[in-house]
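Enquirer: What follows is query_33.cif; its format and atoms are mmCIF, C-alpha atoms.
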```cif
data_target
#
loop_
_atom_site.label_atom_id
_atom_site.label_comp_id
_atom_site.auth_asym_id
_atom_site.auth_seq_id
_atom_site.Cartn_x
_atom_site.Cartn_y
_atom_site.Cartn_z
CA MET N 1 100.46 116.82 88.23
CA LYS N 2 99.12 116.14 84.73
CA ALA N 3 95.37 115.58 84.38
CA LEU N 4 92.86 115.43 81.52
CA ARG N 5 89.95 117.78 82.10
CA TRP N 6 86.62 118.14 80.26
CA HIS N 7 85.84 121.75 79.36
CA GLY N 8 83.15 121.10 76.74
CA VAL N 9 82.20 119.06 73.69
CA LYS N 10 85.38 118.09 71.81
CA ASP N 11 87.31 120.18 74.33
CA LEU N 12 89.51 117.95 76.50
CA ARG N 13 92.69 119.55 77.85
CA LEU N 14 95.73 117.94 79.41
CA GLU N 15 96.58 120.42 82.14
CA LYS N 16 98.77 120.86 85.17
CA ILE N 17 96.71 120.85 88.36
CA GLU N 18 97.48 120.54 92.05
CA GLU N 19 98.26 117.02 93.25
CA PRO N 20 95.50 115.87 95.64
CA ARG N 21 96.00 115.11 99.31
CA PRO N 22 93.90 112.55 101.17
CA ASN N 23 91.34 113.99 103.56
CA GLN N 24 90.01 112.07 106.55
CA GLY N 25 88.74 108.67 105.45
CA GLN N 26 90.36 108.93 102.01
CA VAL N 27 93.02 106.94 100.18
CA LYS N 28 95.51 108.52 97.77
CA ILE N 29 96.28 106.35 94.75
CA LYS N 30 98.99 106.52 92.12
CA VAL N 31 97.08 105.66 88.95
CA GLU N 32 98.60 102.87 86.85
CA TRP N 33 96.12 102.31 84.01
CA CYS N 34 92.81 103.94 83.11
CA GLY N 35 90.42 102.79 80.39
CA ILE N 36 88.50 105.06 78.05
CA CYS N 37 84.83 104.26 78.59
CA GLY N 38 81.92 104.64 76.19
CA SER N 39 80.48 107.14 78.67
CA ASP N 40 83.68 109.19 78.37
CA LEU N 41 83.30 109.12 74.61
CA HIS N 42 79.66 110.27 74.85
CA GLU N 43 80.77 113.20 77.02
CA TYR N 44 83.45 114.07 74.46
CA THR N 45 81.12 114.02 71.46
CA ALA N 46 77.73 115.02 72.89
CA GLY N 47 78.11 116.04 76.55
CA PRO N 48 77.40 117.11 79.13
CA ILE N 49 75.45 113.98 80.08
CA PHE N 50 76.75 113.08 83.54
CA ILE N 51 79.20 115.98 83.83
CA PRO N 52 77.89 118.92 85.90
CA ALA N 53 78.39 121.81 83.50
CA GLN N 54 75.80 124.40 84.55
CA ALA N 55 75.91 123.97 88.33
CA PRO N 56 78.04 122.14 90.89
CA HIS N 57 77.25 118.47 91.46
CA PRO N 58 75.29 118.14 94.72
CA LEU N 59 77.61 115.49 96.17
CA THR N 60 81.03 116.71 95.02
CA GLY N 61 80.39 120.45 94.90
CA GLU N 62 82.33 120.56 91.63
CA GLN N 63 81.43 121.53 88.10
CA ALA N 64 83.26 121.60 84.76
CA PRO N 65 86.10 121.65 84.08
CA ILE N 66 86.47 118.25 85.79
CA VAL N 67 89.12 115.52 85.60
CA MET N 68 87.88 112.52 83.61
CA GLY N 69 88.44 108.78 83.95
CA HIS N 70 86.59 106.23 86.10
CA GLU N 71 87.95 102.82 84.94
CA PHE N 72 91.28 102.68 86.71
CA SER N 73 93.68 100.72 88.84
CA GLY N 74 96.62 101.85 90.93
CA GLN N 75 98.69 101.63 94.07
CA VAL N 76 97.96 103.27 97.40
CA VAL N 77 100.67 105.80 98.26
CA GLU N 78 99.12 107.54 101.27
CA VAL N 79 96.09 107.21 103.53
CA GLY N 80 94.14 109.86 105.38
CA GLU N 81 93.27 109.94 109.06
CA GLY N 82 90.91 107.17 110.11
CA VAL N 83 91.63 104.79 107.22
CA THR N 84 92.05 101.24 108.52
CA ARG N 85 91.61 98.89 105.55
CA PHE N 86 94.48 100.12 103.37
CA GLN N 87 98.09 101.12 103.60
CA ALA N 88 100.78 102.39 101.25
CA GLY N 89 101.74 99.74 98.70
CA ASP N 90 98.31 98.11 98.41
CA ARG N 91 97.12 97.32 94.88
CA VAL N 92 93.59 98.60 94.33
CA VAL N 93 90.73 99.56 92.06
CA VAL N 94 88.02 102.13 92.75
CA GLU N 95 84.26 101.66 92.56
CA PRO N 96 83.59 105.22 91.43
CA ILE N 97 79.93 105.76 92.39
CA TYR N 98 78.92 108.69 94.56
CA ALA N 99 75.66 108.23 96.49
CA CYS N 100 73.98 110.41 99.10
CA GLY N 101 73.25 107.58 101.54
CA HIS N 102 69.83 108.84 102.64
CA CYS N 103 67.44 108.88 99.64
CA GLU N 104 64.94 106.03 99.16
CA ALA N 105 67.23 104.16 96.73
CA CYS N 106 70.16 104.37 99.13
CA LYS N 107 67.96 103.21 102.03
CA GLN N 108 67.11 100.15 99.93
CA GLY N 109 70.81 99.47 99.26
CA ARG N 110 70.40 100.42 95.60
CA TYR N 111 73.05 103.11 95.77
CA ASN N 112 73.57 103.14 92.00
CA LEU N 113 70.01 104.52 91.70
CA CYS N 114 70.62 107.36 94.16
CA ASP N 115 68.68 110.53 93.32
CA GLN N 116 71.97 112.44 93.27
CA MET N 117 74.18 109.65 91.91
CA GLY N 118 77.41 110.61 90.21
CA PHE N 119 80.69 109.05 89.16
CA LEU N 120 84.20 109.93 90.22
CA GLY N 121 85.79 111.00 86.94
CA LEU N 122 82.50 112.39 85.60
CA ALA N 123 80.99 114.35 88.50
CA GLY N 124 84.17 115.66 90.10
CA GLY N 125 86.45 114.42 92.85
CA GLY N 126 89.35 113.77 90.49
CA GLY N 127 89.66 111.04 87.92
CA GLY N 128 91.79 108.27 86.51
CA PHE N 129 93.19 110.30 83.62
CA SER N 130 95.69 111.83 86.01
CA GLU N 131 98.80 110.86 87.91
CA TYR N 132 97.13 110.68 91.33
CA VAL N 133 93.59 110.51 92.66
CA THR N 134 91.94 110.34 96.07
CA ALA N 135 88.86 108.29 96.92
CA ALA N 136 86.85 107.47 100.02
CA GLU N 137 87.97 104.25 101.72
CA ASN N 138 84.58 102.60 101.12
CA MET N 139 84.96 103.09 97.34
CA VAL N 140 88.26 101.19 97.20
CA HIS N 141 88.73 97.45 96.60
CA SER N 142 91.92 95.42 96.88
CA ILE N 143 93.09 93.33 93.94
CA PRO N 144 95.27 90.24 94.40
CA ASP N 145 98.77 89.94 92.97
CA ALA N 146 97.44 87.49 90.36
CA ILE N 147 95.51 90.33 88.71
CA SER N 148 97.67 92.79 86.76
CA TYR N 149 97.06 96.51 86.86
CA GLU N 150 95.91 96.29 83.24
CA GLN N 151 93.38 93.65 84.23
CA GLY N 152 92.40 95.78 87.19
CA ALA N 153 91.44 98.64 84.89
CA LEU N 154 88.76 96.34 83.44
CA VAL N 155 87.05 95.67 86.79
CA GLU N 156 84.76 98.71 86.52
CA PRO N 157 83.39 98.03 83.00
CA SER N 158 83.18 94.31 83.78
CA ALA N 159 81.03 95.22 86.79
CA VAL N 160 78.56 96.93 84.41
CA ALA N 161 78.34 93.73 82.35
CA LEU N 162 77.96 91.42 85.33
CA HIS N 163 75.31 93.65 86.89
CA ALA N 164 73.37 93.63 83.60
CA VAL N 165 73.32 89.85 83.52
CA ARG N 166 72.54 89.52 87.24
CA GLN N 167 69.60 91.92 86.94
CA SER N 168 68.17 90.06 83.95
CA LYS N 169 66.02 86.93 84.11
CA LEU N 170 68.71 84.74 82.55
CA LYS N 171 69.05 81.26 84.06
CA VAL N 172 71.73 78.62 83.60
CA GLY N 173 71.30 77.03 80.18
CA ASP N 174 69.31 79.93 78.68
CA THR N 175 70.10 81.50 75.32
CA ALA N 176 71.03 85.16 74.91
CA ALA N 177 71.62 87.77 72.24
CA VAL N 178 74.01 90.69 72.61
CA PHE N 179 73.56 93.63 70.27
CA GLY N 180 76.90 95.39 69.89
CA ALA N 181 80.37 93.95 70.43
CA GLY N 182 82.06 97.04 71.75
CA PRO N 183 83.87 96.90 75.10
CA ILE N 184 80.74 96.46 77.23
CA GLY N 185 79.14 94.07 74.75
CA LEU N 186 82.22 91.84 74.82
CA LEU N 187 82.24 91.95 78.61
CA VAL N 188 78.55 90.98 78.63
CA ILE N 189 79.56 87.87 76.66
CA GLU N 190 82.02 87.02 79.42
CA ALA N 191 79.42 87.68 82.11
CA LEU N 192 76.96 85.44 80.28
CA LYS N 193 79.54 82.66 80.07
CA ALA N 194 80.24 82.99 83.79
CA SER N 195 76.49 82.88 84.47
CA GLY N 196 75.95 79.63 82.57
CA ALA N 197 74.30 80.83 79.36
CA SER N 198 74.27 78.25 76.59
CA ASP N 199 74.28 79.79 73.11
CA ILE N 200 75.25 83.46 72.99
CA TYR N 201 74.45 85.29 69.74
CA VAL N 202 76.19 88.57 68.96
CA VAL N 203 74.96 91.07 66.38
CA GLU N 204 77.77 93.30 65.11
CA LEU N 205 78.92 95.06 61.92
CA SER N 206 82.63 95.62 62.57
CA ALA N 207 84.87 92.84 61.25
CA GLU N 208 87.36 93.32 64.06
CA ARG N 209 84.71 93.27 66.77
CA LYS N 210 83.02 90.26 65.21
CA ALA N 211 86.35 88.47 65.41
CA LYS N 212 86.72 89.41 69.09
CA ALA N 213 83.23 88.16 69.86
CA ALA N 214 83.92 84.87 68.09
CA GLU N 215 87.22 84.54 69.97
CA LEU N 216 85.25 84.78 73.21
CA GLY N 217 82.96 81.97 72.07
CA ALA N 218 79.91 83.83 70.76
CA ILE N 219 77.90 82.97 67.64
CA VAL N 220 78.27 86.05 65.43
CA ILE N 221 75.52 87.34 63.15
CA ASP N 222 76.24 90.14 60.68
CA PRO N 223 73.10 92.28 60.15
CA THR N 224 74.20 93.04 56.59
CA GLU N 225 74.09 89.35 55.73
CA TYR N 226 70.98 88.21 57.61
CA ASP N 227 67.57 89.33 58.72
CA VAL N 228 68.68 89.24 62.34
CA VAL N 229 65.27 88.61 63.91
CA SER N 230 64.37 85.76 61.55
CA GLU N 231 67.83 84.22 61.80
CA ILE N 232 67.90 84.18 65.59
CA HIS N 233 64.35 82.85 65.79
CA SER N 234 65.19 80.02 63.40
CA ARG N 235 68.35 79.08 65.27
CA THR N 236 66.70 79.15 68.70
CA ALA N 237 63.25 77.72 67.96
CA GLY N 238 61.40 80.92 68.74
CA GLY N 239 63.89 83.46 70.04
CA VAL N 240 66.39 83.91 72.85
CA HIS N 241 65.47 84.13 76.51
CA VAL N 242 67.18 87.51 77.01
CA ALA N 243 68.52 90.14 74.58
CA TYR N 244 71.01 92.77 75.76
CA GLU N 245 71.05 96.09 73.89
CA VAL N 246 74.57 97.53 74.06
CA THR N 247 74.76 99.80 71.00
CA GLY N 248 72.81 102.91 71.98
CA VAL N 249 71.53 103.04 68.37
CA PRO N 250 67.78 103.86 68.38
CA LYS N 251 66.72 101.53 65.56
CA VAL N 252 68.42 98.55 67.21
CA LEU N 253 66.16 98.70 70.27
CA GLN N 254 63.09 97.26 68.53
CA GLN N 255 65.19 94.69 66.71
CA ALA N 256 66.68 93.47 69.98
CA MET N 257 63.21 93.20 71.49
CA ASP N 258 61.92 91.17 68.56
CA THR N 259 64.68 88.56 68.85
CA THR N 260 63.36 87.42 72.22
CA ARG N 261 60.91 84.54 72.64
CA ILE N 262 57.44 84.55 74.20
CA GLY N 263 57.90 85.83 77.75
CA GLY N 264 61.44 86.93 76.90
CA GLU N 265 63.27 89.97 78.19
CA LEU N 266 65.02 92.98 76.71
CA MET N 267 67.80 94.34 78.94
CA ILE N 268 68.90 97.86 78.02
CA VAL N 269 72.54 98.44 78.94
CA SER N 270 73.30 101.43 76.70
CA ILE N 271 73.08 105.13 77.40
CA PHE N 272 71.12 106.69 74.54
CA GLU N 273 71.92 110.14 73.18
CA GLN N 274 68.51 110.32 71.42
CA GLU N 275 64.98 109.03 71.89
CA ALA N 276 64.44 105.48 70.61
CA PRO N 277 61.06 104.32 69.27
CA ILE N 278 59.60 100.98 70.30
CA GLN N 279 56.28 99.33 69.47
CA PRO N 280 54.49 98.55 72.75
CA ASN N 281 52.46 95.80 71.10
CA SER N 282 55.65 93.76 70.72
CA ILE N 283 55.78 93.70 74.51
CA VAL N 284 52.08 93.17 75.11
CA MET N 285 51.38 90.46 72.53
CA LYS N 286 54.27 88.25 73.67
CA GLU N 287 54.20 89.18 77.38
CA ARG N 288 57.81 90.28 77.19
CA THR N 289 59.51 92.47 79.76
CA VAL N 290 61.86 95.43 79.36
CA ASN N 291 64.50 96.15 81.95
CA GLY N 292 67.50 98.44 82.22
CA ILE N 293 70.56 99.00 84.37
CA ILE N 294 72.82 101.89 85.27
CA GLY N 295 76.30 101.20 86.58
CA TYR N 296 76.45 98.43 89.19
CA ARG N 297 76.13 97.69 92.86
CA ASP N 298 77.72 95.11 95.11
CA VAL N 299 79.49 93.26 92.29
CA PHE N 300 83.13 94.38 92.41
CA PRO N 301 84.24 91.48 94.67
CA ALA N 302 82.50 88.98 92.35
CA VAL N 303 84.16 90.49 89.28
CA ILE N 304 87.59 90.33 90.90
CA SER N 305 86.97 86.69 91.88
CA LEU N 306 85.88 85.81 88.33
CA MET N 307 88.99 87.52 86.93
CA GLU N 308 91.12 85.26 89.11
CA LYS N 309 89.40 82.35 87.35
CA GLY N 310 90.18 83.72 83.89
CA PHE N 311 87.03 85.63 82.95
CA PHE N 312 87.13 89.13 81.37
CA PRO N 313 90.69 88.62 80.03
CA ALA N 314 92.61 91.81 79.32
CA GLU N 315 94.81 90.11 76.73
CA LYS N 316 91.76 89.50 74.53
CA LEU N 317 89.99 92.80 75.13
CA VAL N 318 92.65 95.53 75.23
CA THR N 319 93.57 96.65 71.72
CA LYS N 320 95.76 99.66 72.41
CA ARG N 321 97.91 101.11 75.19
CA ILE N 322 98.88 104.78 75.18
CA SER N 323 100.36 107.43 77.46
CA LEU N 324 98.42 110.26 79.09
CA ASP N 325 100.06 112.69 76.66
CA GLU N 326 98.41 110.80 73.77
CA VAL N 327 94.96 110.44 75.27
CA VAL N 328 93.01 112.77 72.97
CA ASP N 329 94.51 112.11 69.52
CA HIS N 330 95.40 108.44 69.98
CA GLY N 331 92.65 107.62 72.47
CA PHE N 332 89.34 109.44 72.11
CA GLU N 333 89.80 110.29 68.43
CA ALA N 334 91.06 106.79 67.67
CA LEU N 335 87.88 105.28 69.13
CA LEU N 336 85.84 107.51 66.84
CA LYS N 337 87.85 106.76 63.71
CA GLU N 338 89.35 103.28 64.11
CA LYS N 339 86.64 100.63 64.18
CA ASN N 340 89.19 97.97 65.07
CA GLN N 341 89.65 99.46 68.52
CA VAL N 342 87.87 97.85 71.46
CA LYS N 343 89.39 98.91 74.77
CA ILE N 344 92.13 101.54 74.94
CA LEU N 345 94.09 101.81 78.19
CA VAL N 346 95.94 104.94 79.21
CA LYS N 347 99.14 104.81 81.25
CA ALA N 348 99.15 107.56 83.82
CA GLU N 349 102.73 108.81 83.86
#
```
How does the structure come out when it is put into structure tokens?
Expert:
Amino acid sequence: MKALRWHGVKDLRLEKIEEPRPNQGQVKIKVEWCGICGSDLHEYTAGPIFIPAQAPHPLTGEQAPIVMGHEFSGQVVEVGEGVTRFQAGDRVVVEPIYACGHCEACKQGRYNLCDQMGFLGLAGGGGGFSEYVTAAENMVHSIPDAISYEQGALVEPSAVALHAVRQSKLKVGDTAAVFGAGPIGLLVIEALKASGASDIYVVELSAERKAKAAELGAIVIDPTEYDVVSEIHSRTAGGVHVAYEVTGVPKVLQQAMDTTRIGGELMIVSIFEQEAPIQPNSIVMKERTVNGIIGYRDVFPAVISLMEKGFFPAEKLVTKRISLDEVVDHGFEALLKEKNQVKILVKAE
């Protein structure tokens, strides 16, 4: 079958590899759509970050080259021995986190913080940028007929956004600021709406992404037109309750912190490629808190339920659909060059 494999920085190859077979407890899925994630893009431009390049991953036993893609939907075509929850024809998405099950984080149920945590599509085990993939039964979630396969491909990134909001101190009626209106930033807006936030401010440079944020109901602030900190403080009588940093740009971190009110919170959602300076006194003098999240845990069912109610709409978030043959030039490279792109979905065929 065709599969996109990471060999190194700026070295993604569409190759022919053996079609997987489901082992005991596994489900084989025909991939329908797979989204290109910001993490995928980081691996393409500056990896390896999550990809095991120098040694095999402790949970998968695999190392580069590995098949990429972890935001995907598809249809079950075969099940391995012992699988009871799924059968051929079921429509599904995969929660692609690998966890050891016995470290302290796993014992606490915080499997996304596992000492050996990895992602299917980044740490081995196959990936969504292929025609077929296998996954353990406990990683698979059913999606109802009301949710399209395109919508299903947004469940994984939407889970990141919902987890970020759930882990923050935000309460119904609170104000929030989102720095960055890329795919995850836009999904954070949706998660904030679902969680009962009142005014949601979005700081973004791109005209296209500003328009998307406004379409979703956010109040957009262009940092080239305003002093963002002063503007948000004046509009909120002292700052927002929670600011979400979703750019990964070092200089934005302090700015996001400073937009929060006394006792406010900075939630870091980005993966940073470089160190980011922050002034500790801005935390101490206002008794603010700083938090961060990685991935998600126990939120896929909630995301799917919210999608049935109209949240995280694919029709407003997907800007391009391409084939697997086009994934590098019209997918990864397009996201680097075309600032109007938000979420690109890849059809696995």
Enquirer: With all atoms listed in the file as the basis for distance, which of N:Lys2, N:His70, N:Arg91, N:His7 is at the shortest distance from Ile29 in chain N?
Expert: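 Looking only at the distances to Ile29 in chain N, the closest residue turns out to be N:Arg91.
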Enquirer: Can you give me, as a list in words, the residues this file yields under the PyMOL selection byres ((chain N and resi 100) around 8)?
Expert: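 Selection result, ordered by chain and number: Leu59, Tyr98, Ala99, Gly101, His102, Cys103, Cys106, Cys114, Asp115, Gln116 and Met117 of chain N.
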Enquirer: Determine the nearest neighbour of Met267 in chain N from the options N:Ala161, N:Leu41, N:Val242, N:Leu170, counting all atoms listed in the file.
Expert: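 Ranking N:Ala161, N:Leu41, N:Val242, N:Leu170 by distance to Met267 in chain N, first place goes to N:Val242.
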Enquirer: Report the residues retrieved by the PyMOL selection byres ((chain N and resi 33-39) around 9) from the displayed file, expressed as number ranges by chain.
Expert: N: 31-32, 40-44, 49-50, 69-74, 122, 128-130, 149-150, 152-154, 157, 182-184, 271, 327, 331-332, 335, 343-348
Enquirer: Evaluate the PyMOL selection byres ((chain N and resi 308-311) around 8) against this structure - the residues, as a list in words, please.
Expert: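 On this input, the PyMOL selection byres ((chain N and resi 308-311) around 8) captures Ala146, Ile147, Glu190, Ala191, Ala194, Ile304, Ser305, Leu306, Met307, Phe312 and Pro313 of chain N.
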Enquirer: Using all atoms listed in the file, find the one residue out of N:Arg85, N:Lys107, N:Lys320, N:Arg261 that sits nearest to Glu137 in chain N.
Expert: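 For Glu137 in chain N, the nearest of the given residues is N:Arg85.
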Enquirer: Let me make sure I understand: among N:Trp6, N:Arg13, N:Lys286, N:Gln255, which one has the smallest atom-to-atom distance to Ile51 in chain N if we use all atoms listed in the file?
Expert: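 So, comparing all the options, the nearest one is N:Trp6.
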Enquirer: What does the distance between CA of Ser282 in chain N and CA of Glu204 in chain N come to in Å, to one decimal place?
Expert: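 Computing the Euclidean distance for CA of Ser282 in chain N and CA of Glu204 in chain N yields 22.8 Å.
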Enquirer: Could you please determine the separation between CA of Gly125 in chain N and CA of Ala88 in chain N in Å, to one decimal place?
Expert: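 Computing it gives 20.5 Å between the two atoms.
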Enquirer: Could you check which of N:Gln254, N:Ser142, N:Thr175, N:Thr289 is closest to Arg235 in chain N, using only C-alpha atoms?
Expert: N:Thr175
Enquirer: What residues have an atom no more than 12 Å from (71.4, 99.0, 71.6) in the file's own frame, counting all atoms listed in the file, and can you write them as a ChimeraX atom specification?
Expert: /N:177-182,184-185,202-204,243-257,266-277,292
Enquirer: CA of Ala135 in chain N and CA of Gln63 in chain N, how far apart in Å?
Expert: 17.6 Å
Enquirer: Just need the box for range 108-115 of chain N, edges along x, y and z, holding every atom the file lists for it with 6 Å tacked onto each side, so centre and edge lengths in Å to one decimal, as AutoDock Vina command-line options.
Expert:
```
--center_x 70.3 --center_y 105.0 --center_z 95.8 --size_x 18.5 --size_y 23.1 --size_z 20.2
```
Enquirer: Considering all atoms listed in the file, can you say which of N:Val240, N:Val133, N:Val165, N:Ala105 comes closest to Glu19 in chain N?
Expert: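 So, comparing all the options, the nearest one is N:Val133.
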Enquirer: With a distance cut-off of 10 Å and all atoms listed in the file, select the neighbouring residues of Glu15 in chain N, excluding the residue or stretch itself and same-chain residues fewer than 4 positions from it, and output the selection as a compact mmCIF listing (two decimals) with C-alpha atoms, in the coordinates of the input.
Expert:
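The result, stored in part31.txt:
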```txt
# COMPACT_ATOMS: atom_id res chain seq x y z
CA MET N 1 100.46 116.82 88.23
CA LYS N 2 99.12 116.14 84.73
CA ALA N 3 95.37 115.58 84.38
CA LEU N 4 92.86 115.43 81.52
CA ARG N 5 89.95 117.78 82.10
CA VAL N 67 89.12 115.52 85.60
CA SER N 130 95.69 111.83 86.01
```
Enquirer: Which residues are close to Lys210 in chain N, i.e. within 10 Å by only C-alpha atoms, leaving aside same-chain residues fewer than 3 positions away? Reply as a PDB file with C-alpha atoms, keeping the file's coordinate frame.
Expert:
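Once written, part_14.pdb looks like this:
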```
ATOM      1  CA  GLY N 180      76.900  95.390  69.890  1.00  0.00           C
ATOM      2  CA  ALA N 181      80.370  93.950  70.430  1.00  0.00           C
ATOM      3  CA  GLY N 182      82.060  97.040  71.750  1.00  0.00           C
ATOM      4  CA  LEU N 186      82.220  91.840  74.820  1.00  0.00           C
ATOM      5  CA  VAL N 202      76.190  88.570  68.960  1.00  0.00           C
ATOM      6  CA  VAL N 203      74.960  91.070  66.380  1.00  0.00           C
ATOM      7  CA  GLU N 204      77.770  93.300  65.110  1.00  0.00           C
ATOM      8  CA  LEU N 205      78.920  95.060  61.920  1.00  0.00           C
ATOM      9  CA  SER N 206      82.630  95.620  62.570  1.00  0.00           C
ATOM     10  CA  ALA N 207      84.870  92.840  61.250  1.00  0.00           C
ATOM     11  CA  ALA N 213      83.230  88.160  69.860  1.00  0.00           C
ATOM     12  CA  ALA N 214      83.920  84.870  68.090  1.00  0.00           C
ATOM     13  CA  GLU N 215      87.220  84.540  69.970  1.00  0.00           C
ATOM     14  CA  LEU N 216      85.250  84.780  73.210  1.00  0.00           C
ATOM     15  CA  ALA N 218      79.910  83.830  70.760  1.00  0.00           C
ATOM     16  CA  ILE N 219      77.900  82.970  67.640  1.00  0.00           C
ATOM     17  CA  VAL N 220      78.270  86.050  65.430  1.00  0.00           C
ATOM     18  CA  ILE N 221      75.520  87.340  63.150  1.00  0.00           C
ATOM     19  CA  ASP N 222      76.240  90.140  60.680  1.00  0.00           C
ATOM     20  CA  ASN N 340      89.190  97.970  65.070  1.00  0.00           C
TER      21      ASN N 340
END
```
Enquirer: Kindly reconstruct range 202-213 of chain N with N, CA, C and O atoms and present the result as a PDB file, in the coordinates of the input.
Expert:
```
ATOM      1  N   VAL N 202      75.734  87.188  68.962  1.00  0.00           N
ATOM      2  CA  VAL N 202      76.190  88.570  68.960  1.00  0.00           C
ATOM      3  C   VAL N 202      75.913  89.186  67.601  1.00  0.00           C
ATOM      4  O   VAL N 202      76.282  88.615  66.568  1.00  0.00           O
ATOM      5  N   VAL N 203      75.266  90.346  67.605  1.00  0.00           N
ATOM      6  CA  VAL N 203      74.960  91.070  66.380  1.00  0.00           C
ATOM      7  C   VAL N 203      75.906  92.254  66.280  1.00  0.00           C
ATOM      8  O   VAL N 203      75.916  93.134  67.156  1.00  0.00           O
ATOM      9  N   GLU N 204      76.723  92.278  65.227  1.00  0.00           N
ATOM     10  CA  GLU N 204      77.770  93.300  65.110  1.00  0.00           C
ATOM     11  C   GLU N 204      78.150  93.493  63.643  1.00  0.00           C
ATOM     12  O   GLU N 204      78.136  92.533  62.861  1.00  0.00           O
ATOM     13  N   LEU N 205      78.504  94.732  63.281  1.00  0.00           N
ATOM     14  CA  LEU N 205      78.920  95.060  61.920  1.00  0.00           C
ATOM     15  C   LEU N 205      80.434  94.998  61.725  1.00  0.00           C
ATOM     16  O   LEU N 205      80.927  94.534  60.699  1.00  0.00           O
ATOM     17  N   SER N 206      81.184  95.493  62.699  1.00  0.00           N
ATOM     18  CA  SER N 206      82.630  95.620  62.570  1.00  0.00           C
ATOM     19  C   SER N 206      83.313  94.257  62.453  1.00  0.00           C
ATOM     20  O   SER N 206      83.092  93.364  63.285  1.00  0.00           O
ATOM     21  N   ALA N 207      84.155  94.105  61.444  1.00  0.00           N
ATOM     22  CA  ALA N 207      84.870  92.840  61.250  1.00  0.00           C
ATOM     23  C   ALA N 207      85.763  92.519  62.436  1.00  0.00           C
ATOM     24  O   ALA N 207      85.830  91.373  62.899  1.00  0.00           O
ATOM     25  N   GLU N 208      86.449  93.542  62.945  1.00  0.00           N
ATOM     26  CA  GLU N 208      87.360  93.320  64.060  1.00  0.00           C
ATOM     27  C   GLU N 208      86.598  92.922  65.325  1.00  0.00           C
ATOM     28  O   GLU N 208      87.006  92.030  66.069  1.00  0.00           O
ATOM     29  N   ARG N 209      85.484  93.584  65.569  1.00  0.00           N
ATOM     30  CA  ARG N 209      84.710  93.270  66.770  1.00  0.00           C
ATOM     31  C   ARG N 209      83.996  91.929  66.633  1.00  0.00           C
ATOM     32  O   ARG N 209      83.816  91.218  67.623  1.00  0.00           O
ATOM     33  N   LYS N 210      83.592  91.588  65.434  1.00  0.00           N
ATOM     34  CA  LYS N 210      83.020  90.260  65.210  1.00  0.00           C
ATOM     35  C   LYS N 210      84.058  89.184  65.541  1.00  0.00           C
ATOM     36  O   LYS N 210      83.731  88.159  66.153  1.00  0.00           O
ATOM     37  N   ALA N 211      85.291  89.437  65.135  1.00  0.00           N
ATOM     38  CA  ALA N 211      86.350  88.470  65.410  1.00  0.00           C
ATOM     39  C   ALA N 211      86.591  88.337  66.917  1.00  0.00           C
ATOM     40  O   ALA N 211      86.809  87.222  67.428  1.00  0.00           O
ATOM     41  N   LYS N 212      86.548  89.453  67.634  1.00  0.00           N
ATOM     42  CA  LYS N 212      86.720  89.410  69.090  1.00  0.00           C
ATOM     43  C   LYS N 212      85.595  88.625  69.752  1.00  0.00           C
ATOM     44  O   LYS N 212      85.826  87.815  70.652  1.00  0.00           O
ATOM     45  N   ALA N 213      84.367  88.867  69.290  1.00  0.00           N
ATOM     46  CA  ALA N 213      83.230  88.160  69.860  1.00  0.00           C
ATOM     47  C   ALA N 213      83.339  86.653  69.621  1.00  0.00           C
ATOM     48  O   ALA N 213      83.077  85.838  70.516  1.00  0.00           O
TER      49      ALA N 213
END
```
